[in-house]
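Data file: data.cif. Format and content: mmCIF, C-alpha atoms.
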data_final
loop_
_atom_site.label_atom_id
_atom_site.label_comp_id
_atom_site.auth_asym_id
_atom_site.auth_seq_id
_atom_site.Cartn_x
_atom_site.Cartn_y
_atom_site.Cartn_z
CA MET H 3 -11.71 61.74 67.03
CA PRO H 4 -12.75 61.23 63.40
CA ARG H 5 -16.46 61.29 62.73
CA SER H 6 -18.19 58.77 60.50
CA ARG H 7 -21.84 58.08 59.78
CA SER H 8 -22.80 54.66 61.09
CA ARG H 9 -23.81 52.11 58.45
CA ALA H 10 -25.66 49.84 60.82
CA TRP H 11 -29.05 50.46 59.18
CA GLY H 12 -29.90 48.33 56.17
CA SER H 13 -32.70 46.36 54.61
CA TRP H 14 -31.73 42.86 55.67
CA GLY H 15 -30.44 40.67 58.48
CA GLU H 16 -28.71 41.77 61.64
CA ARG H 17 -27.93 45.20 60.18
CA THR H 18 -31.53 46.24 60.87
CA SER H 19 -31.41 45.25 64.55
CA LEU H 20 -30.15 46.86 67.74
CA ARG H 21 -27.64 44.04 67.93
CA GLY H 22 -26.35 45.01 64.49
CA LEU H 23 -26.08 48.69 65.42
CA CYS H 24 -24.27 47.80 68.63
CA ARG H 25 -21.87 45.51 66.78
CA ARG H 26 -21.08 48.26 64.28
CA LEU H 27 -20.41 50.75 67.08
CA LEU H 28 -18.02 48.25 68.68
CA GLU H 29 -16.25 47.54 65.39
CA GLN H 30 -15.83 51.26 64.69
CA ARG H 31 -15.34 52.61 68.20
CA ASP H 32 -12.25 54.53 67.08
CA LEU H 33 -14.67 56.80 65.17
CA GLU H 34 -17.10 59.22 66.74
CA PRO H 35 -20.57 58.41 65.39
CA LEU H 36 -22.12 61.15 63.30
CA VAL H 37 -25.62 61.51 64.72
CA ALA H 38 -28.38 64.12 64.65
CA ASP H 39 -28.46 66.31 67.74
CA ALA H 40 -31.83 68.00 67.16
CA ALA H 41 -35.17 66.27 67.60
CA SER H 42 -37.76 66.24 64.84
CA ASP H 43 -40.36 69.03 64.92
CA PRO H 44 -43.86 67.78 64.04
CA ALA H 45 -45.38 71.15 65.00
CA ALA H 46 -43.35 72.94 62.33
CA CYS H 47 -44.45 70.34 59.78
CA ARG H 48 -48.11 70.79 60.83
CA ASP H 49 -47.86 74.56 60.47
CA ALA H 50 -46.34 74.20 56.99
CA ILE H 51 -49.00 71.71 55.86
CA LEU H 52 -52.05 73.65 57.12
CA PRO H 53 -52.11 76.42 54.46
CA LEU H 54 -51.48 73.83 51.75
CA ALA H 55 -54.35 71.70 53.08
CA LEU H 56 -56.72 74.67 53.14
CA ARG H 57 -55.80 75.57 49.56
CA GLY H 58 -56.28 71.92 48.62
CA LEU H 59 -59.84 72.05 49.98
CA GLU H 60 -60.60 75.10 47.82
CA LEU H 61 -59.25 73.40 44.72
CA ALA H 62 -61.04 70.11 45.46
CA SER H 63 -64.39 71.89 45.72
CA ALA H 64 -64.09 72.85 42.04
CA ALA H 65 -63.51 69.26 40.85
CA ARG H 66 -66.14 66.75 39.81
CA ALA H 67 -67.30 64.41 42.58
CA GLY H 68 -65.42 61.12 42.71
CA ASP H 69 -62.08 62.39 41.42
CA ALA H 70 -59.35 60.51 43.31
CA LEU H 71 -57.07 63.53 43.78
CA ALA H 72 -59.96 65.75 44.95
CA ASP H 73 -61.05 63.08 47.45
CA ARG H 74 -57.55 62.92 48.88
CA LEU H 75 -57.21 66.68 49.14
CA THR H 76 -60.50 66.71 51.05
CA ALA H 77 -59.15 64.03 53.42
CA LEU H 78 -55.95 66.05 53.79
CA GLY H 79 -57.95 69.06 54.93
CA ARG H 80 -59.76 66.98 57.54
CA ILE H 81 -56.52 65.51 58.94
CA ALA H 82 -54.82 68.92 59.00
CA VAL H 83 -57.69 70.36 61.07
CA GLU H 84 -57.66 67.36 63.44
CA ALA H 85 -53.91 67.81 63.94
CA GLN H 86 -54.18 71.38 65.21
CA PRO H 87 -54.71 70.67 68.96
CA LEU H 88 -52.24 67.74 69.06
CA ALA H 89 -48.59 67.71 70.14
CA GLY H 90 -45.63 65.35 70.43
CA ASP H 91 -45.97 61.73 69.34
CA ALA H 92 -49.73 62.04 68.84
CA LEU H 93 -49.19 64.88 66.39
CA ALA H 94 -46.46 63.01 64.52
CA GLU H 95 -48.69 59.94 64.23
CA LYS H 96 -51.57 62.04 62.90
CA LEU H 97 -49.37 63.77 60.31
CA LEU H 98 -47.78 60.52 59.10
CA ALA H 99 -51.29 59.16 58.51
CA ILE H 100 -51.36 61.56 55.54
CA GLU H 101 -48.88 59.23 53.81
CA GLY H 102 -51.76 56.79 53.34
CA LEU H 103 -53.32 59.27 50.90
CA GLN H 104 -50.51 58.35 48.45
CA PHE H 105 -50.08 61.77 46.86
CA GLY H 106 -47.06 60.44 44.99
CA ARG H 107 -49.32 58.08 42.98
CA ILE H 108 -52.67 59.91 42.61
CA PHE H 109 -52.67 62.56 39.88
CA GLY H 110 -56.34 63.29 39.16
CA HIS H 111 -58.26 63.03 35.90
CA LYS H 112 -57.99 66.01 33.57
CA GLY H 113 -61.66 65.83 32.60
CA HIS H 114 -62.75 66.17 36.23
CA TRP H 115 -61.16 69.59 36.77
CA PRO H 116 -62.25 73.02 35.46
CA SER H 117 -58.88 73.70 33.82
CA GLU H 118 -55.43 72.24 33.47
CA PRO H 119 -53.77 74.99 35.61
CA VAL H 120 -56.19 74.22 38.47
CA LEU H 121 -55.38 70.51 38.21
CA GLU H 122 -51.66 71.23 38.13
CA GLU H 123 -51.93 73.39 41.25
CA ALA H 124 -53.83 70.60 43.01
CA ARG H 125 -51.10 68.14 42.05
CA ASP H 126 -48.47 70.58 43.32
CA VAL H 127 -50.24 70.74 46.70
CA GLY H 128 -49.94 66.96 46.92
CA ARG H 129 -46.27 67.00 45.93
CA ARG H 130 -45.40 69.69 48.48
CA VAL H 131 -47.24 67.92 51.28
CA LYS H 132 -45.46 64.67 50.42
CA ALA H 133 -42.08 66.43 50.52
CA LEU H 134 -42.84 67.86 53.97
CA LEU H 135 -43.83 64.43 55.27
CA ASP H 136 -40.73 62.81 53.76
CA ALA H 137 -38.60 65.38 55.57
CA LEU H 138 -40.48 64.78 58.84
CA ARG H 139 -39.97 61.02 58.60
CA ALA H 140 -36.27 61.46 57.83
CA GLU H 141 -35.86 63.82 60.79
CA ALA H 142 -37.65 61.36 63.07
CA ALA H 143 -35.43 58.49 61.90
CA GLU H 144 -32.25 60.55 62.43
CA SER H 145 -33.41 61.61 65.88
CA LEU H 146 -34.18 58.00 66.87
CA HIS H 147 -30.82 56.87 65.49
CA GLY H 148 -29.05 59.51 67.60
CA ARG H 149 -30.88 58.47 70.77
CA LEU H 150 -30.06 54.81 70.18
CA VAL H 151 -26.38 55.49 69.49
CA ARG H 152 -26.04 57.55 72.66
CA ALA H 153 -27.80 54.88 74.73
CA LEU H 154 -25.63 52.10 73.34
CA GLN H 155 -22.43 53.84 74.45
CA GLU H 156 -22.97 52.04 77.76
CA VAL H 157 -22.43 48.75 75.92
CA LEU H 158 -19.04 49.98 74.72
CA VAL H 159 -18.09 50.85 78.30
CA LEU H 160 -19.17 47.40 79.52
CA TYR H 161 -17.27 45.71 76.67
CA ALA H 162 -14.06 47.57 77.57
CA ARG H 163 -14.49 46.65 81.24
CA ARG H 164 -15.00 42.95 80.48
CA LYS H 165 -11.88 42.87 78.26
CA ALA H 166 -9.81 44.55 80.96
CA GLU H 167 -11.02 42.09 83.59
CA ALA H 168 -10.11 39.14 81.35
CA GLY H 169 -6.82 40.67 80.17
CA LEU H 170 -7.86 40.43 76.53
CA LEU H 171 -7.54 42.58 73.40
CA ASP H 172 -9.50 42.29 70.18
CA PHE H 173 -8.26 42.96 66.65
CA LEU H 174 -9.23 46.64 66.69
CA ASP H 175 -7.41 47.08 70.02
CA LEU H 176 -4.21 45.74 68.43
CA LEU H 177 -4.49 48.25 65.59
CA LEU H 178 -5.35 51.17 67.86
CA LEU H 179 -2.57 50.46 70.36
CA ALA H 180 -0.01 50.02 67.58
CA ARG H 181 -1.15 53.23 65.87
CA ASN H 182 -1.14 55.21 69.11
CA ALA H 183 2.32 53.97 70.09
CA LEU H 184 3.73 54.94 66.69
CA ARG H 185 1.95 58.27 66.56
CA GLU H 186 2.71 59.38 70.11
CA ARG H 187 6.22 58.00 70.76
CA GLU H 188 9.16 58.98 68.58
CA ALA H 189 11.37 56.36 70.25
CA VAL H 190 9.01 53.60 69.09
CA ARG H 191 9.06 54.93 65.52
CA ARG H 192 12.85 55.20 65.52
CA GLN H 193 13.38 51.67 66.87
CA LEU H 194 10.94 50.03 64.46
CA ARG H 195 12.24 51.93 61.43
CA ALA H 196 15.75 50.75 62.28
CA ARG H 197 14.46 47.18 62.49
CA TRP H 198 12.41 47.38 59.26
CA PRO H 199 13.98 50.08 57.05
CA TYR H 200 11.90 49.03 54.05
CA LEU H 201 8.26 47.98 53.88
CA ILE H 202 6.58 46.16 51.01
CA ILE H 203 2.80 45.72 51.33
CA ASP H 204 0.85 43.53 48.89
CA GLU H 205 -2.94 43.66 48.35
CA PHE H 206 -2.92 47.26 49.54
CA GLN H 207 -6.49 47.78 48.36
CA ASP H 208 -7.62 45.63 51.31
CA THR H 209 -6.11 47.84 54.03
CA ASP H 210 -8.34 49.94 56.26
CA PRO H 211 -7.59 53.54 57.35
CA LEU H 212 -5.90 52.46 60.60
CA GLN H 213 -3.62 50.02 58.78
CA VAL H 214 -2.69 52.66 56.21
CA GLU H 215 -1.84 55.11 58.98
CA ILE H 216 0.33 52.48 60.70
CA ALA H 217 2.15 51.77 57.42
CA PHE H 218 3.01 55.44 56.87
CA LEU H 219 4.05 55.93 60.49
CA LEU H 220 6.39 52.94 60.20
CA ALA H 221 7.86 54.02 56.87
CA GLY H 222 8.33 57.70 57.57
CA GLN H 223 8.68 60.21 54.75
CA ARG H 224 11.74 58.99 52.80
CA PRO H 225 11.02 58.02 49.17
CA GLY H 226 11.51 54.31 48.57
CA ASP H 227 11.04 53.17 52.15
CA LEU H 228 7.44 52.09 51.46
CA VAL H 229 6.33 50.15 48.39
CA VAL H 230 2.70 49.09 48.06
CA VAL H 231 1.15 46.86 45.41
CA GLY H 232 -2.56 46.60 44.79
CA ASP H 233 -5.50 46.82 42.44
CA ALA H 234 -8.49 48.94 43.43
CA LYS H 235 -10.73 46.79 41.19
CA GLN H 236 -10.07 43.85 43.54
CA SER H 237 -11.16 45.67 46.71
CA ILE H 238 -13.65 43.29 48.36
CA TYR H 239 -13.22 44.01 52.08
CA ARG H 240 -15.45 47.06 52.52
CA PHE H 241 -17.14 45.25 55.43
CA ARG H 242 -13.74 45.53 57.16
CA ARG H 243 -13.49 49.26 56.30
CA ALA H 244 -11.21 48.78 53.29
CA GLU H 245 -12.24 51.40 50.71
CA ALA H 246 -11.22 51.60 47.07
CA THR H 247 -11.33 55.39 47.44
CA LEU H 248 -8.60 55.16 50.11
CA PHE H 249 -6.34 53.27 47.69
CA ALA H 250 -6.97 55.92 45.02
CA GLU H 251 -6.20 58.73 47.48
CA VAL H 252 -2.85 57.18 48.45
CA ALA H 253 -1.98 56.85 44.75
CA ARG H 254 -2.94 60.48 44.12
CA LYS H 255 -0.68 61.73 46.92
CA ALA H 256 2.20 59.57 45.65
CA ARG H 257 1.90 61.16 42.19
CA GLU H 258 2.05 64.65 43.67
CA ARG H 259 4.99 64.20 46.08
CA PRO H 260 8.57 64.66 44.85
CA GLY H 261 10.49 61.40 44.90
CA PHE H 262 7.35 59.25 44.93
CA ALA H 263 5.65 57.59 41.96
CA VAL H 264 2.86 55.30 40.81
CA LEU H 265 3.99 52.56 38.44
CA PRO H 266 1.21 50.81 36.47
CA LEU H 267 1.70 47.06 36.21
CA VAL H 268 -0.17 46.00 33.09
CA GLN H 269 1.73 42.97 31.82
CA ASN H 270 0.13 39.57 32.35
CA PHE H 271 2.41 36.53 32.63
CA ARG H 272 -0.31 33.86 32.77
CA SER H 273 -2.50 34.23 29.68
CA ARG H 274 -2.06 34.13 25.93
CA PRO H 275 -2.75 37.18 23.74
CA ALA H 276 -6.11 35.90 22.44
CA ILE H 277 -7.42 35.48 25.99
CA LEU H 278 -6.29 38.96 26.99
CA ARG H 279 -7.86 40.50 23.89
CA PHE H 280 -11.15 38.92 24.90
CA VAL H 281 -10.80 40.08 28.53
CA ASN H 282 -9.87 43.63 27.52
CA ARG H 283 -12.78 43.88 25.10
CA VAL H 284 -15.38 42.59 27.57
CA PHE H 285 -14.23 44.27 30.75
CA GLY H 286 -13.38 47.51 29.00
CA GLU H 287 -17.14 47.82 28.53
CA LEU H 288 -18.26 46.40 31.88
CA ILE H 289 -15.89 48.27 34.22
CA ARG H 290 -16.41 52.03 34.04
CA ALA H 291 -14.93 54.69 36.30
CA SER H 292 -17.24 55.90 39.08
CA PRO H 293 -15.89 58.56 41.48
CA GLU H 294 -18.99 58.16 43.67
CA SER H 295 -18.27 54.51 44.46
CA GLY H 296 -14.49 54.65 44.09
CA GLN H 297 -14.58 52.35 41.07
CA PRO H 298 -11.49 52.97 38.89
CA ALA H 299 -11.49 52.78 35.12
CA TYR H 300 -10.46 49.53 33.47
CA GLU H 301 -6.82 49.30 32.40
CA ALA H 302 -6.05 47.00 29.49
CA ILE H 303 -3.73 44.05 30.19
CA ALA H 304 -0.77 43.31 27.91
CA PRO H 305 0.56 39.79 27.24
CA ARG H 306 4.15 38.71 27.70
CA PRO H 307 6.11 39.21 24.45
CA GLY H 308 6.80 36.17 22.31
CA LEU H 309 3.66 34.17 23.02
CA PRO H 310 1.91 32.43 20.10
CA GLU H 311 -1.10 34.17 18.57
CA GLU H 312 -3.16 31.02 18.02
CA PRO H 313 -6.84 31.03 19.10
CA SER H 314 -7.27 30.49 22.83
CA VAL H 315 -10.93 31.31 23.49
CA LEU H 316 -13.78 28.96 22.65
CA ALA H 317 -17.39 30.10 22.80
CA LEU H 318 -19.35 27.16 24.21
CA ALA H 319 -22.99 27.14 23.08
CA PHE H 320 -25.47 24.47 24.10
CA ASP H 321 -29.22 24.07 24.27
CA ALA H 322 -30.48 23.77 27.86
CA PRO H 323 -33.51 26.03 28.29
CA PHE H 324 -34.55 26.62 31.91
CA ALA H 325 -31.82 24.29 33.19
CA GLU H 326 -30.33 25.04 36.59
CA GLY H 327 -28.30 23.42 39.34
CA GLU H 328 -27.04 19.89 38.64
CA THR H 329 -28.97 19.71 35.35
CA LEU H 330 -27.20 22.82 34.05
CA LEU H 331 -23.80 21.48 35.09
CA GLN H 332 -24.42 18.19 33.30
CA ALA H 333 -25.52 19.98 30.11
CA GLU H 334 -22.46 22.20 30.22
CA ALA H 335 -20.12 19.24 30.80
CA ALA H 336 -21.65 17.30 27.89
CA ALA H 337 -21.27 20.31 25.57
CA LEU H 338 -17.68 20.82 26.70
CA ALA H 339 -16.79 17.17 26.03
CA ALA H 340 -18.49 17.25 22.60
CA SER H 341 -16.48 20.35 21.62
CA TRP H 342 -13.10 18.64 22.23
CA PRO H 343 -11.93 18.52 18.61
CA ARG H 344 -12.41 22.29 18.33
CA TRP H 345 -10.33 23.17 21.41
CA PRO H 346 -7.33 25.40 20.65
CA GLY H 347 -4.29 23.14 20.43
CA ALA H 348 -6.33 19.91 20.52
CA SER H 349 -5.08 17.03 18.43
#
Write the structure described by the file as structure tokens, please.
Amino acid sequence: MPRSRSRAWGSWGERTSLRGLCRRLLEQRDLEPLVADAASDPAACRDAILPLALRGLELASAARAGDALADRLTALGRIAVEAQPLAGDALAEKLLAIEGLQFGRIFGHKGHWPSEPVLEEARDVGRRVKALLDALRAEAAESLHGRLVRALQEVLVLYARRKAEAGLLDFLDLLLLARNALREREAVRRQLRARWPYLIIDEFQDTDPLQVEIAFLLAGQRPGDLVVVGDAKQSIYRFRRAEATLFAEVARKARERPGFAVLPLVQNFRSRPAILRFVNRVFGELIRASPESGQPAYEAIAPRPGLPEEPSVLALAFDAPFAEGETLLQAEAAALAASWPRWPGAS
């Protein structure tokens, strides 16, 4: 089964709840969740922090009294000593209390330290301790996530049982059953290919991995049996697992396979040349290629030949400082009406 990291954790709404995590596991139950198997190790973090804390105490003793960084290094030494006999959750809680010392924000005053190298070493102690604590917190979060995902598998079992009892299928079931039938049974593929020898799929950028797999299983390997049309820049269904990167990958494979091709469609049949010049100039700057996010580069649009070259874009300027809502709409409407004589083609 494919593995995919769950995206149920976020900073807002249901995505931060157990309900949200459970819903995501149900919606992506065809994927095996990628979870951490090992538990976090506070003892290892404590052992790594202790020598740093002891060195921090030595450095702090050379600083002038009242220096913020020296005070925090002194507190670090105290916490590190207190953490020595602890274990488990109590140890983790004690170590994470070090975060309150805010080593990422306290840098010390140069005039309070005997030399700049000593101050820099003290700062480095703080940075290294912070990095260890960041790693501990990340490990703890991954471990908790793994335990929750494993516990919530019982919900998936209950959900499947309730559907079976009611004789129901959900949308993902329909996709999975169709994919499995096509993938596992040659007779099904042969019958459906005879019924639909050619497939044309529009808005291909909005298909998810299961739908793409179904399309290729239906079409087979013959060039010309499958034609897809889409625009990766219009991919807006990531919440339904549609990925712009998937569209780009399908296009890449088509370019590389003999008998297949990618045909750019750049001609616009709706807009006049002046409008398209404006659009190309603006969006050529705004839309930049980003392999990390799957964002493709902007492709300029060409007008239909023979269209008039008269002005078609009017810059509407009006004075409405701080206006919003209905007030802004009224100001915009008044400015639009007042500009009537200057509209392209107005008489």
Please provide as a PDB file with C-alpha atoms, in the frame of the given file all residues within 9 Å of Leu71 of chain H, with the sequence filter that same-chain residues fewer than 6 positions apart are discarded (counting all atoms listed in the file).
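The result, stored in out-v7.pdb:
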ATOM      1  CA  ALA H  62     -61.040  70.110  45.460  1.00  0.00           C
ATOM      2  CA  PHE H 105     -50.080  61.770  46.860  1.00  0.00           C
ATOM      3  CA  ILE H 108     -52.670  59.910  42.610  1.00  0.00           C
ATOM      4  CA  PHE H 109     -52.670  62.560  39.880  1.00  0.00           C
ATOM      5  CA  GLY H 110     -56.340  63.290  39.160  1.00  0.00           C
ATOM      6  CA  HIS H 111     -58.260  63.030  35.900  1.00  0.00           C
ATOM      7  CA  ALA H 124     -53.830  70.600  43.010  1.00  0.00           C
ATOM      8  CA  ARG H 125     -51.100  68.140  42.050  1.00  0.00           C
ATOM      9  CA  GLY H 128     -49.940  66.960  46.920  1.00  0.00           C
TER      10      GLY H 128
END
Given the file above and the PyMOL selection byres ((chain H and resi 183-190) around 12), which residues are selected, and can you give them as a PyMOL selection string? chain H and resi 175-182+191-197+212-213+215-222
Just checking: using only C-alpha atoms, which residue out of H:Leu61, H:Cys24, H:Leu98, H:Leu93 ends up closest to Ala45 of chain H?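 Comparing H:Leu61, H:Cys24, H:Leu98, H:Leu93 against Ala45 of chain H, the winner is H:Leu93.
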Of the residues H:Ser117, H:Gln236, H:Thr329, H:Thr247, which is the one nearest to Ser292 of chain H, using all atoms listed in the file?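 So, comparing all the options, the nearest one is H:Thr247.
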What does the distance from atom CA of Lys235 of chain H to atom CA of Glu258 of chain H come to in Å, to one decimal?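 So the two atoms, atom CA of Lys235 of chain H and atom CA of Glu258 of chain H, lie 22.1 Å apart.
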Would you mind reading off the distance between atom CA of His114 of chain H and atom CA of Arg48 of chain H, one decimal, in Å?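 Between these atoms lies a distance of 29.0 Å.
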Residues selected by the PyMOL selection byres ((chain H and resi 310-321) around 12), written as a PyMOL selection string: chain H and resi 273-281+305-309+322-325+329-348
May I have the residues at most 8 Å from (-13.2, 46.9, 40.7) in the file's coordinates, counting all atoms listed in the file, as an MDAnalysis selection string? chainID H and resid 233:237 289 297:298
Would you pick out the contacts of Gly90 of chain H at 12 Å or less, using all atoms listed in the file, so that residues sharing its chain but fewer than 4 positions from it are not included, and give the list as a list in words? Ala41, Ser42, Asp43, Pro44, Ala45, Ala46, Cys47, Arg48, Ala85, Gln86, Ala94, Glu95, Lys96, Leu97 and Ala142 of chain H
Tell me which of H:Ala153, H:Ala299, H:Arg290, H:Gly226 sits closest to Val264 of chain H, counting all atoms listed in the file. H:Gly226
Rounded to one decimal, what separation in Å do you get between atom CA of Leu135 of chain H and atom CA of Pro116 of chain H?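 Computed distance, atom CA of Leu135 of chain H to atom CA of Pro116 of chain H, equals 28.4 Å.
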Spell out the residues picked by the PyMOL selection byres ((chain H and resi 29) around 12) here, as a PyMOL selection string. chain H and resi 8-10+22-28+30-35+158+161+172-175+177-178+241-243
From the options H:Gly296, H:Pro266, H:Pro119, H:Gly286, which residue's atoms come nearest to Glu251 of chain H, counting all atoms listed in the file? H:Gly296
Identify which of the residues H:Ala92, H:Gln269, H:Leu150, H:Val131 lies closest to Leu75 of chain H, counting all atoms listed in the file when measuring atom-to-atom distances. H:Val131
All residues 10 Å or closer to Pro225 of chain H, only C-alpha atoms, same chain fewer than 6 positions away omitted, as a ChimeraX atom specification: /H:256,259-263
Only C-alpha atoms needed: put segment 261-345 of chain H from the block into a file as a short mmCIF file (atom, residue, chain, number, x, y, z; two decimals), in the first residue's frame.
data_model
loop_
_atom_site.label_atom_id
_atom_site.label_comp_id
_atom_site.auth_asym_id
_atom_site.auth_seq_id
_atom_site.Cartn_x
_atom_site.Cartn_y
_atom_site.Cartn_z
CA GLY H 261 3.80 8.14 -30.04
CA PHE H 262 2.65 10.45 -27.24
CA ALA H 263 2.87 14.25 -27.13
CA VAL H 264 2.02 17.40 -25.20
CA LEU H 265 0.36 20.10 -27.29
CA PRO H 266 0.33 23.61 -25.76
CA LEU H 267 -2.96 25.43 -26.27
CA VAL H 268 -2.12 29.12 -26.09
CA GLN H 269 -4.68 30.79 -28.34
CA ASN H 270 -7.49 32.70 -26.65
CA PHE H 271 -10.81 33.02 -28.49
CA ARG H 272 -12.55 35.33 -26.00
CA SER H 273 -10.40 38.43 -25.54
CA ARG H 274 -9.00 41.19 -27.70
CA PRO H 275 -5.24 41.68 -28.17
CA ALA H 276 -5.01 44.68 -25.81
CA ILE H 277 -6.57 42.68 -22.97
CA LEU H 278 -4.22 39.76 -23.53
CA ARG H 279 -1.18 42.04 -23.63
CA PHE H 280 -2.21 43.38 -20.24
CA VAL H 281 -2.82 39.87 -18.84
CA ASN H 282 0.49 38.55 -20.18
CA ARG H 283 2.43 41.49 -18.76
CA VAL H 284 0.87 41.27 -15.29
CA PHE H 285 0.72 37.52 -14.81
CA GLY H 286 4.09 36.96 -16.42
CA GLU H 287 5.46 38.71 -13.33
CA LEU H 288 3.06 37.27 -10.75
CA ILE H 289 3.14 33.59 -11.75
CA ARG H 290 6.62 32.11 -11.40
CA ALA H 291 7.64 28.46 -11.67
CA SER H 292 8.07 26.68 -8.33
CA PRO H 293 9.05 22.97 -8.40
CA GLU H 294 8.52 22.75 -4.64
CA SER H 295 4.82 23.62 -4.86
CA GLY H 296 4.19 22.29 -8.36
CA GLN H 297 3.49 25.78 -9.69
CA PRO H 298 4.21 25.89 -13.45
CA ALA H 299 5.65 28.89 -15.24
CA TYR H 300 3.26 31.32 -16.89
CA GLU H 301 2.64 30.77 -20.60
CA ALA H 302 1.68 33.82 -22.64
CA ILE H 303 -1.74 33.76 -24.32
CA ALA H 304 -2.12 34.67 -27.99
CA PRO H 305 -5.24 36.36 -29.44
CA ARG H 306 -7.22 35.05 -32.38
CA PRO H 307 -5.88 36.51 -35.66
CA GLY H 308 -7.79 39.36 -37.24
CA LEU H 309 -9.10 41.07 -34.12
CA PRO H 310 -8.96 44.89 -33.94
CA GLU H 311 -6.07 46.45 -32.04
CA GLU H 312 -8.10 49.26 -30.45
CA PRO H 313 -7.68 49.93 -26.70
CA SER H 314 -9.62 47.49 -24.55
CA VAL H 315 -8.31 48.08 -21.02
CA LEU H 316 -9.33 51.04 -18.89
CA ALA H 317 -7.53 51.85 -15.65
CA LEU H 318 -10.23 52.99 -13.23
CA ALA H 319 -8.91 55.37 -10.55
CA PHE H 320 -11.09 56.90 -7.86
CA ASP H 321 -10.61 58.49 -4.47
CA ALA H 322 -12.09 56.39 -1.66
CA PRO H 323 -9.57 56.20 1.19
CA PHE H 324 -10.34 53.54 3.82
CA ALA H 325 -13.58 52.57 2.04
CA GLU H 326 -14.72 48.97 2.34
CA GLY H 327 -17.79 46.81 1.87
CA GLU H 328 -20.87 48.54 0.46
CA THR H 329 -19.17 51.96 0.60
CA LEU H 330 -16.33 50.73 -1.61
CA LEU H 331 -18.75 49.19 -4.10
CA GLN H 332 -20.72 52.42 -4.36
CA ALA H 333 -17.54 54.47 -4.92
CA GLU H 334 -16.37 52.04 -7.59
CA ALA H 335 -19.77 52.08 -9.35
CA ALA H 336 -19.87 55.89 -9.36
CA ALA H 337 -16.34 56.06 -10.82
CA LEU H 338 -17.23 53.47 -13.45
CA ALA H 339 -20.35 55.40 -14.52
CA ALA H 340 -18.42 58.70 -14.64
CA SER H 341 -15.78 57.13 -16.91
CA TRP H 342 -18.33 56.10 -19.57
CA PRO H 343 -17.18 58.48 -22.32
CA ARG H 344 -13.66 57.05 -22.07
CA TRP H 345 -14.69 53.40 -22.45
#
